[in-house]
Every structure is written in C-alpha cells, then in structure tokens.
Amino acid sequence: MSDVMRTPALASGSIGVRASGWWGAIFFVMSEASIFAYLFFAYFYYAVHNEYRPWPPYGPPSLTFPIPETVLIFVAAAAMLFADRRASIAVALPSVLAQLVAVLCGAGFIVLGLVDWADKPFTLSSTAYASIYYVITGIHLTHVVVGVLMGAAVTVWSALGYFGPVRHVHVTITAIYWYFLAASWAALFFALYVTPYLGNG
Amino acid sequence: MAVAEFERIPEVAGPSPNLEEKLHSMWVSEPGLKGWLTTVDHKEIGIMYLVTAFAFLTAGGIEALLMRLQLIGPDRHLLTPEQYNQLFSMHGNTMIFWYALPVLSGFSNYLWPLLLGARDMAFPRVNAFSYWVFLFSGLFIYSSFLVGASPNDGWFNYPPYASREYNGGINIDFYLLGQLFFGISTTAGAVNFVVTTLRTRCPGMSINRFPIVIWGTLTANAANLFSVPVLSVACLLLWFDRQFGTHFFNAQEGGQPLLWQHLFWMFGHPWVYTIVLPAMGIVSDGIPIFCRRPLVGYTAVALSTVVTMFIGFGVWVHHMFATGLPVLGLAFFGASSILISLPSGVQVFSWLATIWTGRPVFKTPFLFFAGFVVLFVIGGVSGFATGSVPADWQFTDTYWVVAHIHYVLIGINLFPVVGAVYLWFPKMTGRMLNERLGRWNFWTMFIGFNLGFFPMHITGLLGMPRRVYTYQDGMGWDWLNLITTVGSFVLAIGILLLFVNVLVSRKRGAIAGPNPWDAPTLEWSTPSPPPPYNFAVIPSVASRHPLWDERLQEADGKTLLDRGAVLDHGHETFGVTPMDGVPDVILKMPEDTYVPVATAFAIAVFFAGLLVHLWVLAGAGLSLMLLALLWWMWPSGDAGQTEDPAHV
C-alpha cells in the first residue's frame with residue numbers, strides 16, 4: 001500500500017474534527033445524554049403509574065423561571081458556537097468575549113435554577129414527583145456547573161493566547177458540551193414543563 | 001498563520017538500530033514504582049488490568065468455594081445466613097463487574113494498538129485513568145469486608161430489601177457508590193475503545209479488515225456508552241432514597257420498587273453481551289490460527305456481533321417475567337429474547353465450519369476455544385428455554401438459572417479468556433506456556449466445570465431455590481449439591497494450574513520468537529515482547545490477514561511491514577479516516593504522567609466521603625479532582641494542542 005506516500009503532507013496535532021478529543025467529546029456527550037433519556041423514562045413511569053392523584057400532584061409547574069432559563073442556555077450555546085467559529089480567525093478577542101458571555105449566561109442559569117427550587121411548595125422528600133423533579137433538574141444543573149467551569153478555563157486559556165486559527169480544539173469541545181447542555185435542557189423543558197399542560201395527568 | 005505551517009510530509013524509511021534506539025528512549029516507561037504509577041503504555045496497562053482482574057477472579061472464586069462448602073450437604077452451619085448473603089452478593093459483583101469486563105479490557109488494551117498498527121490507544125492517559133478507577137473502585141467495595149458490612153442483596157440489589165427500612169446498615173451504600181465509582185472506569189474505557197477503533201490505526205486498516213475481536217470489543221464498548229448510565233441513574237436514585245428520604249422505590253409514598261428492576265435490567269442485559277462479545281471475538285480470531293485457514297463467514301460474524309447487541313437492548317423484561325407484567329409485554333420480550341439465538345447461531349456455525357474445513361492443531365488455546373463452543377451451545381439452549389415465558393415461570397429463582405448464568409459467563413467468558421492467556425502469553429512475555437500443563441489445565445477446568453454446573457440444571461428442575469443459605473434433608477437435592485461442590489473444587493484446581501503455569505513459564509518457558517503460532521494478524525509482526533513504541537515504522541496493510549498475504553493471495557496491493565512512516569517528532573501516531581483507514585492527521589500522544597492516578601485517587605476520596613457522610617471529605621475529594629482535571633486538560637505544546645509551530 002502506498003497510502004503513506006500518496007499523502008503529500010499531513011497536519012500534526014489536535015486540529016478540529018481530526019483531533020481525538022473531538023471524537024471523545026462526541027461519544028462522551030452521547031453517553032451523558034442517555035442519562036437524561038433514562039431519567040425521563042423514570043419520570044413518565046411514575047406519571048403513568050400514578051393512578052390515584054393528579055400528575056404532577058401540585059398542578060403544572062410554574063414557567064416563571066424556566067422560560068428565562070431556556071433563553072439563557074440557548075444564548076450561551078449560541079455564544080459558544082460563535083466563539084468556536086471566530087477561533088478560526090487570527091484575532092482572538094471576539095472569541096474570548098463570546099466565551100465570557102457563555103460563562104455569564106451559564107452562571108445566570110444556575111442562579112435562576114436555584115431560585116426556582118426555593119420557590120417550590122414541596123421538598124425533595126415530599127412525594128415521588130418531588131423526588132424525581134429535583135433529581136432531574138439537579139442533575140442538569142450539575143452539568144451546567146461543569147459547563148461553566150469548562151467555559152471559564154477555556155476563556156482563560158484563550159485569553160492567554162494558547163489557541164490560534166488551526167489549533168483550538170479545547171474551544172470546540174467546550175462548545176460541543178454547551179450544545180449538549182442546551183439540547184438536554186430542551187428535552188427536559190418539554191418533559192417536565194410542557195407535558196403537564198398537555199393534560200397527561 | 002495557516003494550516004500549512006502545521007503540516008509536514010511524514011518521513012518514510014525502514015527500521016534501523018538508530019531509529020529503534022531513538023524511539024525506545026522516547027517511549028519507554030521508567031522502571032519501578034514511578035513507572036507503574038505514571039505509565040500510559042497500553043501494554044503495561046493491559047497487563048495491569050489482566051493481573052488485577054485475575055486477582056478479583058481469585059477473590060470471587062474463594063467466595064464461591066465457601067458457599068459450596070456450606071451447601072455440600074443439608075443443614076450445614078459453616079456460614080450464618082447473613083454471611084451467606086454477603087458472600088453471594090460479593091461473588092456476583094466481583095465476577096460480573098470487577099473480573100469479567102476488566103479482564104477483556106486487559107486483552108483489548110494490550111492488543112488493540114498492536115492489532116490496528118498504532119503506537120498507543122487514542123487516549124493513553126484516559127486508559128491509565130480507567131485502570132486506576134477500576135482498581136480503586138474494587139478496593140472500595142472490598143473494604144466493606146473490613147467492617148463486616150458487605151453488600152447483601154445480590155448483584156441486582158432489588159429494593160425493597162435494599163432500601164433503608166429493611167437494610168439499614170452501610171452494606172448497600174458500598175454497592176451503590178461502588179457501582180457509580182466503577183461506572184466511571186467503564187465509561188472512560190468505552191470512549192477510549194470506540195475512538196481508538198475509529199481513529200488510531202495504520203494506513204489500509206479499513207473496517208472490513210478488523211480482526212473480529214475488534215468488532216466484539218467495539219460493539220461492547222459502544223453499548224456501554226448507553227447502558228452504564230442507566231445503572232448509574234438507578235444507583236443514584238436508590239442512594240438518594242437511603243440518604244435523603246426520597247421516594248423513588250418506596251411504594252408507600254408513590255414510589256415504584258419495580259422501576260428498579262426495569263432500570264437495572266435495561267443495563268444488565270446489554271452488560272451480559274458486553275462481557276461475552278469481546279470473548280467471542282477472541283475465539284473467532286483464535287480458531288482460525290489453529291485451523292490454519294481464515295474464519296468462515298467473516299462478514300456474517302461481524303454483523304451478527306453488532307446485531308446481537310442491538311437486540312440485546314430490547315430483551316431486558318425477560319428477567320422480569322414473574323413480576324406480573326401485562327401479557328402482551330411478556331409475549332414481545334419472550335419473542336425478542338428468542339430472536340437472539342439467530343445471530344448467535346450464525347457465529348456457532350461459522351466456528352464449526354472453520355474447524356470442519358480447516359486442519360485443526362490441537363494446542364492448548366484451541367482446546368479452550370473448542371471447549372467454549374460446546375459450553376456456548378449448552379448455555380445458549382438453557383437460555384433459549386428460559387426465554388420462553390411459561391418455562392421461565394418454572395425456572396425463575398431456581399438453580400436452573402444459576403446453571404444457565406454460569407454456563408454463559410464461565411463458558412463464554414472464562415474459557416476464551418484462559419485460551420487467550422495461552423495464545424498471547426508468548427507475545428506478552430516472550431516465552432511459551434507449558435503445553436503439557438496446559439492440557440491438564442484445560443481438562444481439569446472442563447471436567448470440573450461441567451461436573452459442578454451441569455447438575456444444577458437438575459437441582460433447579462427439582463425445585464431448589466437459589467440464594468438459600470441451606471436446605472433441608474430429604475428434598476432429593478443432597479447428592480446433586482455434593483457433586484456440584486466437588487466439581488467446583490476441581491474447577492478451582494484447574495484455575496490454580498493456570499496460575500502455576502504462568503508463574504513457572506514466565507521465567508522458564510521456551511523462547512517464543514515473534515510469531516510462535518504462525519498467526520495472521522499484525523501483533524505477531526512485532527518482537528515478543530513488543531518494544532514500547534510497538535512498531536519502529538508504521539505498517540500499512542492490504543488485507544485482513546497481513547501476515548498470510550503471500551499464501552492467501554487475497555491482498556489488494558501489498559502489505560508493508562518493513563517500510564513506512566517513521567513519525568519520530570515526539571510521541572506520534574496516525575489518525576485515519578474511520579471507514580477506509582487513510583491517514584488524515586499526525587496525532588501527538590501524551591507522555592507518562594501522574595495525572596491519571598491522581599485524578600482517580602481524588603475520586604476515591606470523594607466516594608469515601610459520601611460513604612461515611614463526611615461531607616467535608618467529599619468536598620475535598622471533589623476539589624482535588626477538579627484541580628487534577630485542570631492540570632490534565634491544560635493545553636500542552638508537546639501534545640500539539642496549542643498554536644505553536646515549534647511543535648509540528
């Protein structure tokens with residue numbers, strides 16, 4: 001075989017979709033996403049086996065905080081998309097600023113999530129609904145904390161000038177994680193906040 | 001700056017002493033304790049995995065023998081009921097989690113880069129990390145023996161018996177946190193195996209040229225990505241029930257104990273295929289070596305491996321036929337369970353056809369692989385019977401199921417694994433295992449195993465329930481249990497013979513040379529044991545059997561083993577296109593480092609804190625872990641992660 005010889009020149013190092021880290025992030029995120037699939041299975045399992053009470057037992061949950069949370073997490077994901085695109089251009093500043101926006105939106109999301117929790121009339125141990133509600137939103141919130149920490153680290157690294165137009169896979173991977181955070185929130189929003197209004201109780 | 005600045009034309013040459021010396025000094029791990037803690041060499045890690053997994057096999061085996069002594073006759077009191085519960089729970093957990101998958105990961109770790117023509121796995125540090133997490137999680141759950149509070153509700157851990165109300169000690173917490181801990185290792189390993197297969201190979205290694213063991217391990221690990229999270233979710237929910245008074249599995253407050261069984265078996269059944277498919281791959285690659293011909297039906301075997309796993313995600317309810325689910329559900333899951341016999345049958349007939357049309361050489365590895373085929377058929381038939389709903393209602397919770405699971409797991413995992421030790425020991429150490437002792441090893445294990453486990457089918461049909469710590473006289477079970485106990489000790493002696501053979505032959509075995517079996521795949525083109533860098537020049541392959549090209553005449557072009565890319569600017573290997581194996585990048589690989597073991601240790605501290613409710617300790621572990629990850633992920637010039645043209 002002369003494949004080696006046929007390749008005139010090859011890039012070296014961690015570069016976009018050719019970096020092992022990019023592939024690792026894709027499969028890791030798929031595995032993480034299945035956590036939410038199984039949690040929703042549990043949620044609906046409780047919903048359909050809940051014959052004697054309305055579901056959710058406290059009526060459909062308030063959307064006061066979840067709607068702004070949705071806005072924030074999608075802005076954060078969009079900012080990371082922009083940051084990843086701009087990382088391919090030699091000037092670093094727009095990318096760094098976009099990463100900072102994503103981190104701040106993520107932090108705002110966490111604050112709203114905690115305020116929403118404080119606003120609930122039930123606790124973790126009130127009912128099966130309360131338990132699964134807090135655990136699903138809590139697991140998502142934990143993932144957002146991870147996203148914010150990752151975002152903060154790459155923002156610093158980008159500002160230190162480690163990355164450039166060719167090698168910036170850390171930014172790309174953080175962006176992938178934020179797409180996952182937004183997508184899993186969208187699924188969560190539909191399962192926990194929309195379906196109760198569709199009359200499945 | 002442009003991409004061109006980071007491009008270079010890989011230098012092509014043949015191996016030379018100068019090059020080998022340069023690569024050796026670049027790739028070799030330090031000797032001693034430091035080397036052991038810091039190595040990222042897949043071969044070192046593979047052997048660490050194998051040794052640790054065999055240590056767990058020994059522990060799980062001793063637990064089994066204690067139970068068999070207890071059951072040797074009716075009304076014995078060697079063990080108390082609580083001790084018996086802890087032993088059968090730890091036996092199941094040890095064998096299914098801390099032995100069966102890690103031992104296969106050991107072989108896969110050792111072999112993959114060698115089979116695929118690369119210098120290491122895609123993520124060498126993740127590889128070390130998953131080993132250390134595997135080890136620490138095993139020590140974590142075994143530390144429960146020190147406080148006399150081991151898990152006591154089986155490897156399946158059903159509530160309500162596992163809930164705080166009925167099981168107030170720390171026993172079940174060891175199980176739940178231990179599983180969460182171990183799941184990190186499995187998931188990290190799964191990502192590594194999947195990406196390694198897709199990306200780090202040599203030129204020409206297209207997917208239709210993978211050895212079957214690659215297909216088996218790839219399938220198993222792709223499945224792990226989606227099945228391990230459900231066990232982690234289940235364990236987290238039950239741990240919350242036990243610690244924070246949630247109501248996931250607590251029926252009085254709207255919880256659903258049966259949900260645990262759904263979640264557990266949604267994980268559990270794919271897991272069964274996870275711990276057998278790579279072993280079946282070992283056999284599919286091993287039988288052709290000793291039959292002196294390629295595997296019959298390569299494509300059919302590769303596809304049926306994948307199909308088995310797909311169907312395997314849709315059969316979990318067959319573990320729950322006796323729980324009162326709707327009849328329609330039972331019919332569906334009964335049918336899907338029986339459907340699995342089709343891809344399994346394809347593989348059995350491929351092995352039989354390979355043996356039938358080959359010229360078998362009856363060396364020890366072949367004995368184990370052929371013995372595996374027999375046991376696979378017996379275990380498959382008893383499983384087929386159990387997949388039938390009315391029959392299952394008779395078999396459920398009897399020794400029939402114990403017989404089935406052991407035919408499947410010992411037959412399909414342990415026999416291929418021991419065969420694989422005989423097959424690859426020469427590659428790992430440079431010395432052959434003793435053939436005469438090998439035959440004694442095989443026949444002792446084969447006779448002991450069948451003597452021990454075949455009668456369990458009858459004990460089960462006679463109605464003996466599983467998991468009882470003793471039984472009354474006069475039930476007709478006495479002599480069957482006596483035979484089973486004798487058989488289990490004979491099996492244990494067989495395993496002991498393996499250990500003796502390994503210890504003796506490691507120093508005194510015949511020198512193996514690079515390819516003692518005249519086998520066809522790439523690992524046999526390297527010296528035994530292979531150098532730290534695996535290949536002095538990256539090979540390029542033109543067929544499925546690169547070392548049999550000449551005689552098979554099936555190559556598309558020519559396999560090149562002694563001329564190829566040098567890749568000596570630091571730790572480097574090719575990244576290739578996933579389907580065709582055409583290089584599209586030069587990957588920079590990490591050096592040896594303390595980061596993986598430090599991260600794993602931090603996670604251990606975290607789980608220890610959770611276990612004993614020392615939240616400060618858990619917080620310290622978590623902070624330590626975050627710091628270790630920051631250190632790990634810090635963009636590195638040497639690894640080609642920063643925009644620095646000095647590293648091209």
# chains A, B, ... in the order shown; residues from 1 in each chain; ligands from 1

$ residues_around --residues "A:Gly108" --least-positions-apart "4" --cutoff "12 Å" --atoms "only C-alpha atoms" --output "number ranges by chain"
A: 65-66, 68-73, 75-76, 101-104, 112-115, 141, 144-145, 148

$ write_last_selection --atoms "N, CA and C atoms" --output "PDB file, in the first residue's frame"
ATOM      1  N   PHE A  65     -39.602  30.911  35.966  1.00  0.00           N
ATOM      2  CA  PHE A  65     -38.137  30.851  35.856  1.00  0.00           C
ATOM      3  C   PHE A  65     -37.668  29.989  34.688  1.00  0.00           C
ATOM      4  N   PRO A  66     -38.326  28.864  34.425  1.00  0.00           N
ATOM      5  CA  PRO A  66     -37.822  28.017  33.314  1.00  0.00           C
ATOM      6  C   PRO A  66     -37.755  28.731  31.968  1.00  0.00           C
ATOM      7  N   PRO A  68     -37.070  32.090  31.200  1.00  0.00           N
ATOM      8  CA  PRO A  68     -35.788  32.809  31.091  1.00  0.00           C
ATOM      9  C   PRO A  68     -34.569  31.877  31.136  1.00  0.00           C
ATOM     10  N   GLU A  69     -34.691  30.762  31.877  1.00  0.00           N
ATOM     11  CA  GLU A  69     -33.565  29.808  31.882  1.00  0.00           C
ATOM     12  C   GLU A  69     -33.318  29.285  30.470  1.00  0.00           C
ATOM     13  N   THR A  70     -34.429  29.000  29.761  1.00  0.00           N
ATOM     14  CA  THR A  70     -34.310  28.495  28.383  1.00  0.00           C
ATOM     15  C   THR A  70     -33.582  29.515  27.513  1.00  0.00           C
ATOM     16  N   VAL A  71     -33.982  30.787  27.659  1.00  0.00           N
ATOM     17  CA  VAL A  71     -33.339  31.839  26.866  1.00  0.00           C
ATOM     18  C   VAL A  71     -31.836  31.864  27.155  1.00  0.00           C
ATOM     19  N   LEU A  72     -31.495  31.857  28.452  1.00  0.00           N
ATOM     20  CA  LEU A  72     -30.084  31.969  28.828  1.00  0.00           C
ATOM     21  C   LEU A  72     -29.252  30.819  28.279  1.00  0.00           C
ATOM     22  N   ILE A  73     -29.789  29.599  28.382  1.00  0.00           N
ATOM     23  CA  ILE A  73     -28.937  28.460  27.988  1.00  0.00           C
ATOM     24  C   ILE A  73     -28.759  28.435  26.478  1.00  0.00           C
ATOM     25  N   VAL A  75     -28.755  31.192  24.556  1.00  0.00           N
ATOM     26  CA  VAL A  75     -27.801  32.270  24.266  1.00  0.00           C
ATOM     27  C   VAL A  75     -26.374  31.780  24.543  1.00  0.00           C
ATOM     28  N   ALA A  76     -26.214  31.059  25.649  1.00  0.00           N
ATOM     29  CA  ALA A  76     -24.878  30.552  25.982  1.00  0.00           C
ATOM     30  C   ALA A  76     -24.368  29.615  24.891  1.00  0.00           C
ATOM     31  N   VAL A 101     -19.360  35.595  27.543  1.00  0.00           N
ATOM     32  CA  VAL A 101     -20.826  35.695  27.521  1.00  0.00           C
ATOM     33  C   VAL A 101     -21.452  34.350  27.884  1.00  0.00           C
ATOM     34  N   ALA A 102     -20.919  33.278  27.305  1.00  0.00           N
ATOM     35  CA  ALA A 102     -21.468  31.945  27.594  1.00  0.00           C
ATOM     36  C   ALA A 102     -21.344  31.620  29.077  1.00  0.00           C
ATOM     37  N   VAL A 103     -20.184  31.930  29.657  1.00  0.00           N
ATOM     38  CA  VAL A 103     -19.973  31.637  31.080  1.00  0.00           C
ATOM     39  C   VAL A 103     -20.960  32.426  31.940  1.00  0.00           C
ATOM     40  N   LEU A 104     -21.134  33.712  31.601  1.00  0.00           N
ATOM     41  CA  LEU A 104     -22.046  34.550  32.403  1.00  0.00           C
ATOM     42  C   LEU A 104     -23.487  34.066  32.266  1.00  0.00           C
ATOM     43  N   LEU A 112     -30.935  31.249  38.453  1.00  0.00           N
ATOM     44  CA  LEU A 112     -32.376  31.116  38.242  1.00  0.00           C
ATOM     45  C   LEU A 112     -32.870  29.730  38.650  1.00  0.00           C
ATOM     46  N   GLY A 113     -32.067  28.710  38.340  1.00  0.00           N
ATOM     47  CA  GLY A 113     -32.448  27.345  38.714  1.00  0.00           C
ATOM     48  C   GLY A 113     -32.600  27.216  40.225  1.00  0.00           C
ATOM     49  N   LEU A 114     -31.655  27.805  40.963  1.00  0.00           N
ATOM     50  CA  LEU A 114     -31.711  27.715  42.428  1.00  0.00           C
ATOM     51  C   LEU A 114     -32.895  28.519  42.971  1.00  0.00           C
ATOM     52  N   VAL A 115     -33.158  29.680  42.373  1.00  0.00           N
ATOM     53  CA  VAL A 115     -34.308  30.488  42.813  1.00  0.00           C
ATOM     54  C   VAL A 115     -35.607  29.725  42.566  1.00  0.00           C
ATOM     55  N   LEU A 141     -28.587  20.773  36.339  1.00  0.00           N
ATOM     56  CA  LEU A 141     -27.895  21.933  36.905  1.00  0.00           C
ATOM     57  C   LEU A 141     -26.412  21.611  37.173  1.00  0.00           C
ATOM     58  N   VAL A 144     -24.587  21.915  34.106  1.00  0.00           N
ATOM     59  CA  VAL A 144     -24.346  23.311  33.726  1.00  0.00           C
ATOM     60  C   VAL A 144     -23.163  23.867  34.523  1.00  0.00           C
ATOM     61  N   VAL A 145     -23.062  23.460  35.803  1.00  0.00           N
ATOM     62  CA  VAL A 145     -21.901  23.902  36.590  1.00  0.00           C
ATOM     63  C   VAL A 145     -20.615  23.436  35.908  1.00  0.00           C
ATOM     64  N   VAL A 148     -19.936  25.609  32.964  1.00  0.00           N
ATOM     65  CA  VAL A 148     -19.418  26.926  33.339  1.00  0.00           C
ATOM     66  C   VAL A 148     -17.931  26.829  33.703  1.00  0.00           C
TER      67      VAL A 148
END

$ closest_atom_pairs --of "stretch 93-175 of chain A" --to "stretch 13-24 of chain A" --cutoff "10 Å" --atoms "only C-alpha atoms" --output "CSV"
residue,atom,partner,partner_atom,distance
A:Pro165,CA,A:Ile15,CA,9.5
A:Val166,CA,A:Ile15,CA,6.2
A:Arg167,CA,A:Ile15,CA,5.2
A:His168,CA,A:Ile15,CA,7.0
A:Val169,CA,A:Gly16,CA,5.5
A:His170,CA,A:Gly21,CA,8.3
A:Val171,CA,A:Gly16,CA,9.6
A:Thr172,CA,A:Gly16,CA,7.1
A:Ile173,CA,A:Trp22,CA,6.1
A:Thr174,CA,A:Trp22,CA,9.8

$ write_last_selection --atoms "C-alpha atoms" --output "PDB file, in the first residue's frame"
ATOM      1  CA  PRO A 165      -6.811  29.534  13.877  1.00  0.00           C
ATOM      2  CA  VAL A 166      -5.555  25.952  13.444  1.00  0.00           C
ATOM      3  CA  ARG A 167      -5.300  24.507  16.932  1.00  0.00           C
ATOM      4  CA  HIS A 168      -8.178  25.426  19.241  1.00  0.00           C
ATOM      5  CA  VAL A 169      -9.884  22.118  19.921  1.00  0.00           C
ATOM      6  CA  HIS A 170     -10.417  22.981  23.605  1.00  0.00           C
ATOM      7  CA  VAL A 171     -12.817  25.718  22.475  1.00  0.00           C
ATOM      8  CA  THR A 172     -14.558  23.375  20.040  1.00  0.00           C
ATOM      9  CA  ILE A 173     -15.037  20.691  22.698  1.00  0.00           C
ATOM     10  CA  THR A 174     -16.417  23.178  25.213  1.00  0.00           C
TER      11      THR A 174
END

$ atom_distance --atom1 "atom CA of B:Asn413" --atom2 "atom CA of B:Ile96"
10.2 Å

$ interface_residues --of "chain A" --to "chain B" --cutoff "9 Å" --atoms "only C-alpha atoms" --output "JSON, numbers by chain"
{"A": [1, 2, 3, 4, 5, 7, 8, 9, 10, 11, 12, 13, 14, 15, 18, 19, 20, 21, 23, 24, 25, 27, 28, 30, 31, 32, 33, 34, 35, 37, 38, 39, 42, 45, 46, 49, 50, 90, 124, 125, 126, 127, 128, 129, 130, 131, 132, 135, 153, 157, 161, 162, 163, 164, 165, 166, 167, 168, 169, 170]}

$ atom_distance --atom1 "atom CA of B:Phe88" --atom2 "atom CA of B:Phe156"
11.3 Å

$ select_by_dssp --residues "chain A" --states "helix (DSSP H, G or I)" --output "MDAnalysis selection string"
chainID A and resid 3:6 16:18 20:48 66:86 93:118 128:159 169:198

$ residues_around --residues "A:Pro61" --least-positions-apart "4" --cutoff "8 Å" --atoms "only C-alpha atoms" --output "PyMOL selection string"
chain A and resi 56+192-193+196

$ closest_residue --among "A:Ile136, A:Gly106, A:Ala118, A:Val194" --to "A:Tyr43" --atoms "only C-alpha atoms"
A:Ile136

$ atom_distance --atom1 "atom CA of A:Leu188" --atom2 "atom CA of A:Tyr133"
10.2 Å

$ residues_around --residues "B:Phe453" --least-positions-apart "2" --cutoff "10 Å" --atoms "only C-alpha atoms" --output "PyMOL selection string"
chain B and resi 399-400+402-407+448-451+455-459+480-481+483-485+487-488

$ residues_around --residues "A:Phe180" --least-positions-apart "3" --cutoff "8 Å" --atoms "only C-alpha atoms" --output "ChimeraX atom specification"
/A:29,33,176-177,183-184

$ write_last_selection --atoms "C-alpha atoms" --output "PDB file, in the first residue's frame"
ATOM      1  CA  VAL A  29     -21.796  13.604  25.299  1.00  0.00           C
ATOM      2  CA  ALA A  33     -27.370  12.408  27.025  1.00  0.00           C
ATOM      3  CA  ILE A 176     -19.949  20.744  21.918  1.00  0.00           C
ATOM      4  CA  TYR A 177     -20.623  20.396  25.644  1.00  0.00           C
ATOM      5  CA  ALA A 183     -30.344  20.223  23.832  1.00  0.00           C
ATOM      6  CA  SER A 184     -30.807  18.251  27.039  1.00  0.00           C
TER       7      SER A 184
END

$ residues_around --residues "B:Tyr273" --least-positions-apart "2" --cutoff "12 Å" --atoms "only C-alpha atoms" --output "VMD selection string"
chain B and resid 96 100 to 101 216 to 224 227 267 to 271 275 to 281 305 to 313 315 to 316 340 344 408 to 409 412 to 413

$ closest_residue --among "A:Leu93, A:Leu63, A:Ala191, A:Ala182" --to "A:Lys120" --atoms "only C-alpha atoms"
A:Leu63

$ residues_around --residues "stretch 432-437 of chain B" --least-positions-apart "4" --cutoff "8 Å" --atoms "only C-alpha atoms" --output "VMD selection string"
chain B and resid 363 to 364 422 425 to 426 441 497 501 to 502 505 to 506 509 to 512

$ write_last_selection --atoms "C-alpha atoms" --output "JSON list (two decimals), in the first residue's frame"
[["chain", "number", "residue", "atom", "x", "y", "z"],
["B", 363, "LYS", "CA", -2.76, -26.90, 21.05],
["B", 364, "THR", "CA", -4.00, -25.69, 24.44],
["B", 422, "TYR", "CA", -2.24, -19.32, 26.35],
["B", 425, "PHE", "CA", 1.26, -15.03, 26.81],
["B", 426, "PRO", "CA", 4.15, -15.62, 24.36],
["B", 441, "ASN", "CA", -5.25, -27.19, 32.90],
["B", 497, "LEU", "CA", -2.89, -24.91, 37.34],
["B", 501, "ASN", "CA", 1.86, -22.45, 34.57],
["B", 502, "VAL", "CA", 2.08, -18.66, 34.29],
["B", 505, "SER", "CA", 6.75, -20.37, 32.39],
["B", 506, "ARG", "CA", 7.35, -16.67, 32.90],
["B", 509, "GLY", "CA", 9.15, -21.30, 29.32],
["B", 510, "ALA", "CA", 10.52, -21.97, 25.85],
["B", 511, "ILE", "CA", 11.54, -18.83, 23.95],
["B", 512, "ALA", "CA", 8.61, -17.87, 21.74]]
